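Visitor: My structure is in structure30.txt, and what it holds is compact mmCIF, N, CA and C atoms:
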```
# COMPACT_ATOMS: atom_id res chain seq x y z
N MET A 36 68.77 -71.13 -51.76
CA MET A 36 69.53 -70.35 -50.84
C MET A 36 69.54 -71.05 -49.50
N ARG A 37 70.67 -71.10 -48.87
CA ARG A 37 70.79 -71.70 -47.54
C ARG A 37 70.69 -70.60 -46.49
N ILE A 38 69.90 -70.85 -45.47
CA ILE A 38 69.73 -69.90 -44.37
C ILE A 38 70.02 -70.62 -43.07
N ALA A 39 70.78 -69.98 -42.20
CA ALA A 39 71.06 -70.52 -40.87
C ALA A 39 70.88 -69.40 -39.85
N PHE A 40 70.40 -69.76 -38.68
CA PHE A 40 70.26 -68.76 -37.63
C PHE A 40 70.42 -69.41 -36.27
N ALA A 41 70.76 -68.59 -35.28
CA ALA A 41 70.93 -69.07 -33.90
C ALA A 41 70.58 -67.93 -32.96
N THR A 42 70.08 -68.26 -31.80
CA THR A 42 69.82 -67.27 -30.77
C THR A 42 70.41 -67.77 -29.47
N GLU A 43 70.63 -66.86 -28.56
CA GLU A 43 71.19 -67.22 -27.25
C GLU A 43 70.51 -66.37 -26.19
N PRO A 44 69.94 -66.99 -25.17
CA PRO A 44 69.27 -66.21 -24.13
C PRO A 44 70.29 -65.50 -23.24
N ALA A 45 69.81 -64.49 -22.55
CA ALA A 45 70.64 -63.84 -21.54
C ALA A 45 70.95 -64.84 -20.43
N PRO A 46 72.07 -64.72 -19.77
CA PRO A 46 72.41 -65.66 -18.70
C PRO A 46 71.30 -65.76 -17.65
N GLY A 47 70.90 -66.98 -17.38
CA GLY A 47 69.87 -67.24 -16.37
C GLY A 47 68.45 -66.92 -16.79
N ARG A 48 68.24 -66.63 -18.09
CA ARG A 48 66.90 -66.29 -18.57
C ARG A 48 66.46 -67.28 -19.63
N ASP A 49 65.15 -67.38 -19.85
CA ASP A 49 64.62 -68.17 -20.95
C ASP A 49 64.89 -67.43 -22.26
N ASN A 50 64.96 -68.17 -23.35
CA ASN A 50 65.14 -67.54 -24.65
C ASN A 50 63.83 -66.90 -25.07
N GLU A 51 63.84 -65.60 -25.31
CA GLU A 51 62.64 -64.86 -25.67
C GLU A 51 62.67 -64.40 -27.13
N ASP A 52 63.64 -64.87 -27.90
CA ASP A 52 63.77 -64.47 -29.30
C ASP A 52 62.91 -65.36 -30.19
N TYR A 53 62.61 -64.84 -31.39
CA TYR A 53 61.89 -65.61 -32.39
C TYR A 53 62.55 -65.36 -33.73
N VAL A 54 62.82 -66.41 -34.45
CA VAL A 54 63.38 -66.28 -35.80
C VAL A 54 62.77 -67.35 -36.69
N ALA A 55 62.41 -66.95 -37.90
CA ALA A 55 61.85 -67.88 -38.88
C ALA A 55 62.13 -67.32 -40.27
N ALA A 56 62.21 -68.22 -41.23
CA ALA A 56 62.45 -67.81 -42.61
C ALA A 56 61.55 -68.62 -43.54
N ALA A 57 61.15 -67.97 -44.59
CA ALA A 57 60.34 -68.59 -45.64
C ALA A 57 60.87 -68.07 -46.97
N PRO A 58 60.49 -68.69 -48.07
CA PRO A 58 60.98 -68.20 -49.37
C PRO A 58 60.65 -66.72 -49.63
N SER A 59 59.60 -66.23 -49.02
CA SER A 59 59.18 -64.86 -49.28
C SER A 59 59.69 -63.83 -48.27
N GLY A 60 60.38 -64.27 -47.22
CA GLY A 60 60.89 -63.32 -46.24
C GLY A 60 61.36 -63.97 -44.97
N ALA A 61 61.76 -63.15 -44.03
CA ALA A 61 62.25 -63.64 -42.74
C ALA A 61 61.72 -62.74 -41.62
N VAL A 62 61.62 -63.32 -40.44
CA VAL A 62 61.19 -62.58 -39.25
C VAL A 62 62.21 -62.83 -38.15
N LEU A 63 62.66 -61.74 -37.53
CA LEU A 63 63.57 -61.83 -36.39
C LEU A 63 63.07 -60.87 -35.33
N LEU A 64 62.70 -61.41 -34.19
CA LEU A 64 62.25 -60.60 -33.07
C LEU A 64 63.17 -60.82 -31.88
N ASP A 65 63.68 -59.75 -31.33
CA ASP A 65 64.53 -59.82 -30.15
C ASP A 65 63.64 -59.59 -28.94
N GLY A 66 63.29 -60.67 -28.27
CA GLY A 66 62.47 -60.56 -27.07
C GLY A 66 63.32 -59.99 -25.94
N ALA A 67 63.42 -58.69 -25.87
CA ALA A 67 64.33 -58.01 -24.95
C ALA A 67 64.00 -58.25 -23.48
N GLY A 68 62.83 -58.74 -23.21
CA GLY A 68 62.47 -59.08 -21.83
C GLY A 68 62.11 -57.88 -20.99
N THR A 69 61.78 -58.17 -19.78
CA THR A 69 61.46 -57.14 -18.80
C THR A 69 62.36 -57.35 -17.59
N PRO A 70 62.62 -56.31 -16.85
CA PRO A 70 63.47 -56.47 -15.66
C PRO A 70 62.83 -57.46 -14.68
N PRO A 71 63.64 -58.30 -14.04
CA PRO A 71 63.09 -59.24 -13.06
C PRO A 71 62.29 -58.50 -11.99
N GLY A 72 61.12 -59.06 -11.67
CA GLY A 72 60.28 -58.50 -10.63
C GLY A 72 59.32 -57.42 -11.10
N SER A 73 59.38 -57.03 -12.37
CA SER A 73 58.46 -56.00 -12.85
C SER A 73 57.11 -56.63 -13.17
N GLU A 74 56.07 -55.85 -13.01
CA GLU A 74 54.70 -56.30 -13.27
C GLU A 74 54.20 -55.66 -14.56
N SER A 75 53.70 -56.49 -15.49
CA SER A 75 53.17 -55.95 -16.74
C SER A 75 51.65 -56.00 -16.76
N GLY A 76 51.05 -56.79 -15.88
CA GLY A 76 49.61 -56.96 -15.89
C GLY A 76 49.14 -58.03 -16.86
N CYS A 77 50.06 -58.63 -17.60
CA CYS A 77 49.73 -59.67 -18.57
C CYS A 77 50.16 -61.03 -18.02
N THR A 78 49.34 -62.04 -18.23
CA THR A 78 49.70 -63.37 -17.75
C THR A 78 50.71 -64.05 -18.66
N HIS A 79 50.85 -63.54 -19.91
CA HIS A 79 51.81 -64.10 -20.85
C HIS A 79 53.13 -63.35 -20.73
N GLY A 80 54.21 -64.06 -21.00
CA GLY A 80 55.51 -63.44 -20.94
C GLY A 80 55.99 -62.96 -22.30
N VAL A 81 57.20 -62.44 -22.31
CA VAL A 81 57.80 -61.92 -23.53
C VAL A 81 58.00 -63.03 -24.56
N ALA A 82 58.42 -64.21 -24.12
CA ALA A 82 58.63 -65.33 -25.05
C ALA A 82 57.33 -65.68 -25.77
N TRP A 83 56.23 -65.73 -25.05
CA TRP A 83 54.93 -66.02 -25.67
C TRP A 83 54.59 -64.96 -26.70
N TYR A 84 54.77 -63.69 -26.36
CA TYR A 84 54.44 -62.60 -27.27
C TYR A 84 55.31 -62.66 -28.54
N SER A 85 56.60 -62.92 -28.37
CA SER A 85 57.50 -63.05 -29.53
C SER A 85 57.05 -64.16 -30.45
N ARG A 86 56.70 -65.32 -29.88
CA ARG A 86 56.24 -66.45 -30.69
C ARG A 86 54.92 -66.14 -31.38
N ALA A 87 53.97 -65.54 -30.65
CA ALA A 87 52.66 -65.23 -31.22
C ALA A 87 52.78 -64.22 -32.37
N LEU A 88 53.53 -63.15 -32.14
CA LEU A 88 53.70 -62.13 -33.18
C LEU A 88 54.51 -62.68 -34.35
N GLY A 89 55.62 -63.36 -34.04
CA GLY A 89 56.48 -63.89 -35.11
C GLY A 89 55.79 -64.91 -35.98
N SER A 90 55.04 -65.82 -35.38
CA SER A 90 54.36 -66.84 -36.17
C SER A 90 53.25 -66.23 -37.02
N THR A 91 52.60 -65.19 -36.51
CA THR A 91 51.58 -64.49 -37.30
C THR A 91 52.22 -63.78 -38.49
N LEU A 92 53.35 -63.13 -38.27
CA LEU A 92 54.03 -62.43 -39.36
C LEU A 92 54.51 -63.39 -40.43
N ILE A 93 55.16 -64.49 -40.03
CA ILE A 93 55.70 -65.43 -41.03
C ILE A 93 54.55 -66.12 -41.76
N ALA A 94 53.45 -66.38 -41.08
CA ALA A 94 52.29 -67.00 -41.73
C ALA A 94 51.70 -66.06 -42.78
N SER A 95 51.73 -64.77 -42.52
CA SER A 95 51.18 -63.83 -43.49
C SER A 95 52.07 -63.71 -44.73
N MET A 96 53.32 -64.13 -44.63
CA MET A 96 54.24 -64.08 -45.77
C MET A 96 54.16 -65.32 -46.65
N THR A 97 53.60 -66.39 -46.11
CA THR A 97 53.58 -67.66 -46.84
C THR A 97 52.21 -67.95 -47.43
```
Before anything else, please render the file you have as structure tokens.
Guide:
Amino acid sequence: MRIAFATEPAPGRDNEDYVAAAPSGAVLLDGAGTPPGSESGCTHGVAWYSRALGSTLIASMT
């Protein structure tokens, strides 16, 4: 089976999405981001969280 995917960041923002596929499943996370200037208390951003969660999920499928 052929799989293709693409993501596009919001204008002026880093890409915060995560997508991966394996023979046993796929993971798609829309890193919706936070409003500019908001404080979350976390040193990591949305892109980091999307990658960390997504890679953990896809690894558990393989």
Visitor: Can you list, as a list in words, every protein, DNA or RNA residue that comes within 6 Å of Val81 of chain A when you count all atoms listed in the file, leaving out same-chain residues fewer than 3 positions away?
Guide: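 Answer for this query is Glu51, Gly66, Gly68, Tyr84, Ser85 and Arg86 of chain A.
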Visitor: When you look at Ala56 of chain A with a cut-off of 8 Å (counting all atoms listed in the file), what residues show up, excluding the ones that are within fewer than 5 positions of it in the same chain? I need them as a list in words.
Guide: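 Counting only the stated atoms, we get Ile38, Ala61, Val62, Leu63 and Ile93 of chain A.
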Visitor: As a PyMOL selection string, please: every residue in chain A that DSSP puts in strand (DSSP E).
Guide: chain A and resi 53-57+60-64
Visitor: Restricting the output to N, CA and C atoms, write the selected residues as a PDB file, in the coordinates of the input.
Guide:
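Once written, again.pdb looks like this:
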```pdb
ATOM      1  N   TYR A  53      62.610 -64.840 -31.390  1.00  0.00           N
ATOM      2  CA  TYR A  53      61.890 -65.610 -32.390  1.00  0.00           C
ATOM      3  C   TYR A  53      62.550 -65.360 -33.730  1.00  0.00           C
ATOM      4  N   VAL A  54      62.820 -66.410 -34.450  1.00  0.00           N
ATOM      5  CA  VAL A  54      63.380 -66.280 -35.800  1.00  0.00           C
ATOM      6  C   VAL A  54      62.770 -67.350 -36.690  1.00  0.00           C
ATOM      7  N   ALA A  55      62.410 -66.950 -37.900  1.00  0.00           N
ATOM      8  CA  ALA A  55      61.850 -67.880 -38.880  1.00  0.00           C
ATOM      9  C   ALA A  55      62.130 -67.320 -40.270  1.00  0.00           C
ATOM     10  N   ALA A  56      62.210 -68.220 -41.230  1.00  0.00           N
ATOM     11  CA  ALA A  56      62.450 -67.810 -42.610  1.00  0.00           C
ATOM     12  C   ALA A  56      61.550 -68.620 -43.540  1.00  0.00           C
ATOM     13  N   ALA A  57      61.150 -67.970 -44.590  1.00  0.00           N
ATOM     14  CA  ALA A  57      60.340 -68.590 -45.640  1.00  0.00           C
ATOM     15  C   ALA A  57      60.870 -68.070 -46.970  1.00  0.00           C
ATOM     16  N   GLY A  60      60.380 -64.270 -47.220  1.00  0.00           N
ATOM     17  CA  GLY A  60      60.890 -63.320 -46.240  1.00  0.00           C
ATOM     18  C   GLY A  60      61.360 -63.970 -44.970  1.00  0.00           C
ATOM     19  N   ALA A  61      61.760 -63.150 -44.030  1.00  0.00           N
ATOM     20  CA  ALA A  61      62.250 -63.640 -42.740  1.00  0.00           C
ATOM     21  C   ALA A  61      61.720 -62.740 -41.620  1.00  0.00           C
ATOM     22  N   VAL A  62      61.620 -63.320 -40.440  1.00  0.00           N
ATOM     23  CA  VAL A  62      61.190 -62.580 -39.250  1.00  0.00           C
ATOM     24  C   VAL A  62      62.210 -62.830 -38.150  1.00  0.00           C
ATOM     25  N   LEU A  63      62.660 -61.740 -37.530  1.00  0.00           N
ATOM     26  CA  LEU A  63      63.570 -61.830 -36.390  1.00  0.00           C
ATOM     27  C   LEU A  63      63.070 -60.870 -35.330  1.00  0.00           C
ATOM     28  N   LEU A  64      62.700 -61.410 -34.190  1.00  0.00           N
ATOM     29  CA  LEU A  64      62.250 -60.600 -33.070  1.00  0.00           C
ATOM     30  C   LEU A  64      63.170 -60.820 -31.880  1.00  0.00           C
TER      31      LEU A  64
END
```
Visitor: Quote the spacing between atom CA of Thr91 of chain A and atom CA of Thr78 of chain A in Å to one decimal place.
Guide: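 We find that atom CA of Thr91 of chain A and atom CA of Thr78 of chain A lie 19.7 Å from each other.
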Visitor: Around the point (59.4, -64.1, -35.5) (coordinates from the file), which residues reach within 6 Å if we count all atoms listed in the file? Answer as a list in words.
Guide: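 Nearby residues: Tyr53, Val54, Ala55, Val62, Leu63, Leu64, Ser85, Leu88, Gly89 and Ser90 of chain A.
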Visitor: Between atom CA of Arg37 of chain A and atom N of Ala67 of chain A, what is the spacing in Å?
Guide: 26.3 Å
